[in-house]
Amino acid sequence: MDLVAEEEARPAPEERETEPLTEHIQRVTRRARAFDQRHPLLWDLHLAGFWVTAALIDYFGDGWRNVTRAPGTPGWLVLTLSLALSVPLFRRRTHPRAVLLAIAPAALVNAWTGALLQAALLQLLVVFHIALRRPPRNLWWATAVVIIPVAVAAVRHPQGSADQDVVPMLMSVAVATAIGITVRTRRDHTEALEDRARRLEIERDQQARLSAAAERARIAREMHDIIGHNLSVITGLADGGRYAATKSPERAAQALAAISTTSRQALTELRRLLDVLREEDKQAPQEPELTPQPTLTDLDHLIDGVRAAGLPVHTTVQGTPTITPGRQLTVYRVIQEALTNTLKHAGPGATSQIHLSYDDTGAATVTVTDTGRGGPEPNGTAGRGLPGMRERTALYGGTLETGPRPRPEQGWRVRLHLPEETPQ
């Protein structure tokens, strides 16, 4: 049974032979085209030499006498006509119209004398190149140039009815024209496909670069939000521990423990971000560590860390949050950045107030104020914090306002508003 099944699954002999033969023909065709593109002059010389040789063989072998209607035609004239009908083919691809016009006098003499050399059929090769390389309107006069000598021969040297001479040549011209148009159509179609493939490849590369740039910006934003906040907390804890070391060693030990915990958290989050950029080992790929992005439920932990660093923070919440996880991440990062800036720039004795307001439509408003002495850019140098907050806000069509609190109040204010979420 296994042998029978194997025999049935085996392709037929015709199928096994067709595929290799097709591949062989395509390979030979590609090589010939590549050679032609590299050496067009040499290729034209070879083909023109072939047809000149065939015309000379017809002359020296007296083959022309088998079809001529004027056996007494002088030999020198036959030789001249043979060369005049074949030599111009050297330029058939670059100047097919000029070649056809150059051959036309020889073809007319050939018909007038009745020699009727078979080299006159080489005009069909020129017609093919006109159909292949020139506008279609050229085919009308090219057909007339080829048919006129045939009509002259049918009138001066009749042999049977005139249509026996004219109709076969008309059909031959039609076939040469059809082949030229077919090859031209296929060539144009192939070029269009290649052009489309090139444009798609360029578009793909551009999209990849844009995606890479967006990913780098996202990673830079995340690193700034995470590492910048944790370092600010560590700085606050270190300052507090230094002041407490002389008066309350227990408070200093607590500050050092908090610094240790915060540092480990920062290293863990940094390592997680860097793992995104690291190339995985192909021999032993590792599963990435998956950790959810922070949400509103993580705000308490964030605020506790800031309070431990020495910044009093008061929080008020109005309404029940019903926003999506992406919007929750935006609210979390904006609050994180605002508190980080307060730790860095507000100075000693500052306090912070967070007010969160939600409504039933999914809109959210967050206001973070402090009583410090300055904003996040005291030296006039812009960092990544405020641009990062604005980028996150713009993703959801929100607005972000930052600046000093109105006088006579002192400090800084950050206000975020995310509008009602519209269904997609």
# chains A, B, ... in the order shown; residues from 1 in each chain; ligands from 1

$ residues_around --residues "range 142-150 of chain A" --least-positions-apart "6" --cutoff "8 Å" --atoms "only C-alpha atoms" --output "number ranges by chain"
A: 97, 100-101, 104, 107-108, 110-112, 123, 127, 165-166, 169-170, 173

$ residues_around --residues "Val317 in chain A" --least-positions-apart "2" --cutoff "12 Å" --atoms "only C-alpha atoms" --output "short mmCIF file (atom, residue, chain, number, x, y, z; two decimals) with all heavy atoms, in the first residue's frame"
data_model
loop_
_atom_site.label_atom_id
_atom_site.label_comp_id
_atom_site.auth_asym_id
_atom_site.auth_seq_id
_atom_site.Cartn_x
_atom_site.Cartn_y
_atom_site.Cartn_z
N LEU A 296 -3.72 54.00 37.26
CA LEU A 296 -4.10 54.87 38.37
C LEU A 296 -3.98 54.16 39.72
O LEU A 296 -3.81 54.81 40.75
CB LEU A 296 -5.53 55.38 38.16
CG LEU A 296 -5.74 56.28 36.94
CD1 LEU A 296 -7.20 56.69 36.83
CD2 LEU A 296 -4.84 57.52 37.03
N LEU A 299 -0.77 54.96 41.62
CA LEU A 299 -0.47 56.32 42.05
C LEU A 299 -0.10 56.38 43.53
O LEU A 299 0.78 57.16 43.94
CB LEU A 299 -1.67 57.24 41.79
CG LEU A 299 -1.80 57.80 40.36
CD1 LEU A 299 -3.07 58.63 40.23
CD2 LEU A 299 -0.57 58.64 40.01
N HIS A 314 -0.47 66.22 48.94
CA HIS A 314 -1.87 66.10 49.32
C HIS A 314 -2.67 65.78 48.05
O HIS A 314 -2.47 66.42 47.01
CB HIS A 314 -2.38 67.38 49.97
CG HIS A 314 -1.57 67.83 51.14
ND1 HIS A 314 -1.66 67.24 52.39
CD2 HIS A 314 -0.61 68.79 51.25
CE1 HIS A 314 -0.82 67.82 53.21
NE2 HIS A 314 -0.16 68.78 52.55
N THR A 315 -3.55 64.81 48.16
CA THR A 315 -4.30 64.35 46.99
C THR A 315 -5.79 64.44 47.25
O THR A 315 -6.27 64.04 48.32
CB THR A 315 -3.93 62.89 46.66
OG1 THR A 315 -2.51 62.79 46.49
CG2 THR A 315 -4.61 62.44 45.38
N GLY A 319 -14.95 62.16 41.60
CA GLY A 319 -15.51 61.28 40.59
C GLY A 319 -14.83 59.93 40.58
O GLY A 319 -13.87 59.66 41.32
N THR A 320 -15.34 59.06 39.73
CA THR A 320 -14.80 57.70 39.60
C THR A 320 -14.12 57.55 38.24
O THR A 320 -14.73 57.86 37.21
CB THR A 320 -15.93 56.66 39.71
OG1 THR A 320 -16.59 56.83 40.97
CG2 THR A 320 -15.36 55.24 39.62
N PRO A 321 -12.84 57.11 38.22
CA PRO A 321 -12.15 56.99 36.94
C PRO A 321 -12.74 55.88 36.07
O PRO A 321 -12.88 54.74 36.51
CB PRO A 321 -10.71 56.68 37.35
CG PRO A 321 -10.81 56.09 38.72
CD PRO A 321 -11.99 56.74 39.36
N GLN A 353 0.20 69.66 45.72
CA GLN A 353 -1.22 69.36 45.78
C GLN A 353 -1.64 68.73 44.45
O GLN A 353 -1.36 69.29 43.38
CB GLN A 353 -2.04 70.62 46.03
CG GLN A 353 -3.55 70.42 45.99
CD GLN A 353 -4.06 69.68 47.24
OE1 GLN A 353 -3.54 69.87 48.33
NE2 GLN A 353 -5.06 68.85 47.06
N ILE A 354 -2.30 67.55 44.50
CA ILE A 354 -2.78 66.86 43.30
C ILE A 354 -4.30 66.80 43.37
O ILE A 354 -4.86 66.31 44.36
CB ILE A 354 -2.20 65.43 43.19
CG1 ILE A 354 -0.68 65.46 43.18
CG2 ILE A 354 -2.73 64.74 41.94
CD1 ILE A 354 -0.04 64.09 43.21
N HIS A 355 -4.92 67.27 42.30
CA HIS A 355 -6.38 67.22 42.23
C HIS A 355 -6.77 66.48 40.95
O HIS A 355 -6.40 66.88 39.84
CB HIS A 355 -6.98 68.63 42.22
CG HIS A 355 -8.48 68.63 42.11
ND1 HIS A 355 -9.30 68.29 43.17
CD2 HIS A 355 -9.30 68.91 41.06
CE1 HIS A 355 -10.57 68.37 42.79
NE2 HIS A 355 -10.59 68.75 41.50
N LEU A 356 -7.50 65.38 41.11
CA LEU A 356 -7.95 64.56 39.98
C LEU A 356 -9.46 64.64 39.90
O LEU A 356 -10.16 64.45 40.91
CB LEU A 356 -7.51 63.11 40.12
CG LEU A 356 -6.00 62.85 40.15
CD1 LEU A 356 -5.53 62.71 41.59
CD2 LEU A 356 -5.66 61.59 39.36
N SER A 357 -9.96 64.91 38.69
CA SER A 357 -11.40 65.03 38.48
C SER A 357 -11.79 64.18 37.28
O SER A 357 -11.18 64.27 36.21
CB SER A 357 -11.78 66.50 38.23
OG SER A 357 -13.16 66.61 37.94
N TYR A 358 -12.81 63.34 37.48
CA TYR A 358 -13.32 62.48 36.42
C TYR A 358 -14.81 62.72 36.26
O TYR A 358 -15.50 63.11 37.20
CB TYR A 358 -13.09 61.00 36.75
CG TYR A 358 -11.67 60.66 37.15
CD1 TYR A 358 -11.33 60.51 38.50
CD2 TYR A 358 -10.68 60.48 36.20
CE1 TYR A 358 -10.04 60.21 38.88
CE2 TYR A 358 -9.39 60.16 36.58
CZ TYR A 358 -9.07 60.03 37.91
OH TYR A 358 -7.79 59.71 38.28
N ASP A 359 -15.32 62.48 35.04
CA ASP A 359 -16.77 62.53 34.86
C ASP A 359 -17.22 61.26 34.15
O ASP A 359 -16.41 60.42 33.74
CB ASP A 359 -17.19 63.78 34.09
CG ASP A 359 -16.54 63.87 32.70
OD1 ASP A 359 -16.13 62.82 32.17
OD2 ASP A 359 -16.46 64.97 32.14
N ALA A 364 -11.08 63.48 31.81
CA ALA A 364 -10.29 63.54 33.05
C ALA A 364 -9.51 64.84 33.08
O ALA A 364 -9.01 65.30 32.04
CB ALA A 364 -9.35 62.36 33.14
N THR A 365 -9.43 65.42 34.27
CA THR A 365 -8.66 66.65 34.47
C THR A 365 -7.75 66.45 35.69
O THR A 365 -8.20 66.01 36.74
CB THR A 365 -9.58 67.85 34.70
OG1 THR A 365 -10.45 68.00 33.58
CG2 THR A 365 -8.76 69.13 34.86
N VAL A 366 -6.48 66.76 35.51
CA VAL A 366 -5.49 66.60 36.57
C VAL A 366 -4.77 67.93 36.75
O VAL A 366 -4.30 68.52 35.78
CB VAL A 366 -4.47 65.49 36.23
CG1 VAL A 366 -3.46 65.35 37.35
CG2 VAL A 366 -5.18 64.17 35.97
N THR A 367 -4.71 68.38 37.99
CA THR A 367 -3.99 69.62 38.31
C THR A 367 -2.98 69.32 39.42
O THR A 367 -3.35 68.81 40.48
CB THR A 367 -4.95 70.72 38.77
OG1 THR A 367 -5.94 70.94 37.76
CG2 THR A 367 -4.20 72.02 39.02
#

$ closest_residue --among "A:Leu21, A:Ala119, A:Val67, A:Ala338" --to "Leu81 in chain A" --atoms "only C-alpha atoms"
A:Ala119

$ atom_distance --atom1 "CA of Arg204 in chain A" --atom2 "CA of Leu395 in chain A"
23.9 Å

$ atom_distance --atom1 "CA of Ala154 in chain A" --atom2 "CA of Gly72 in chain A"
18.2 Å

$ atom_distance --atom1 "CA of Thr53 in chain A" --atom2 "CA of Thr68 in chain A"
19.5 Å

$ closest_residue --among "A:Ala102, A:Val126, A:Ala151, A:Gly63" --to "Asp163 in chain A" --atoms "only C-alpha atoms"
A:Ala151

$ closest_residue --among "A:Glu401, A:Glu201, A:Glu409, A:Glu215" --to "Thr371 in chain A" --atoms "only C-alpha atoms"
A:Glu409
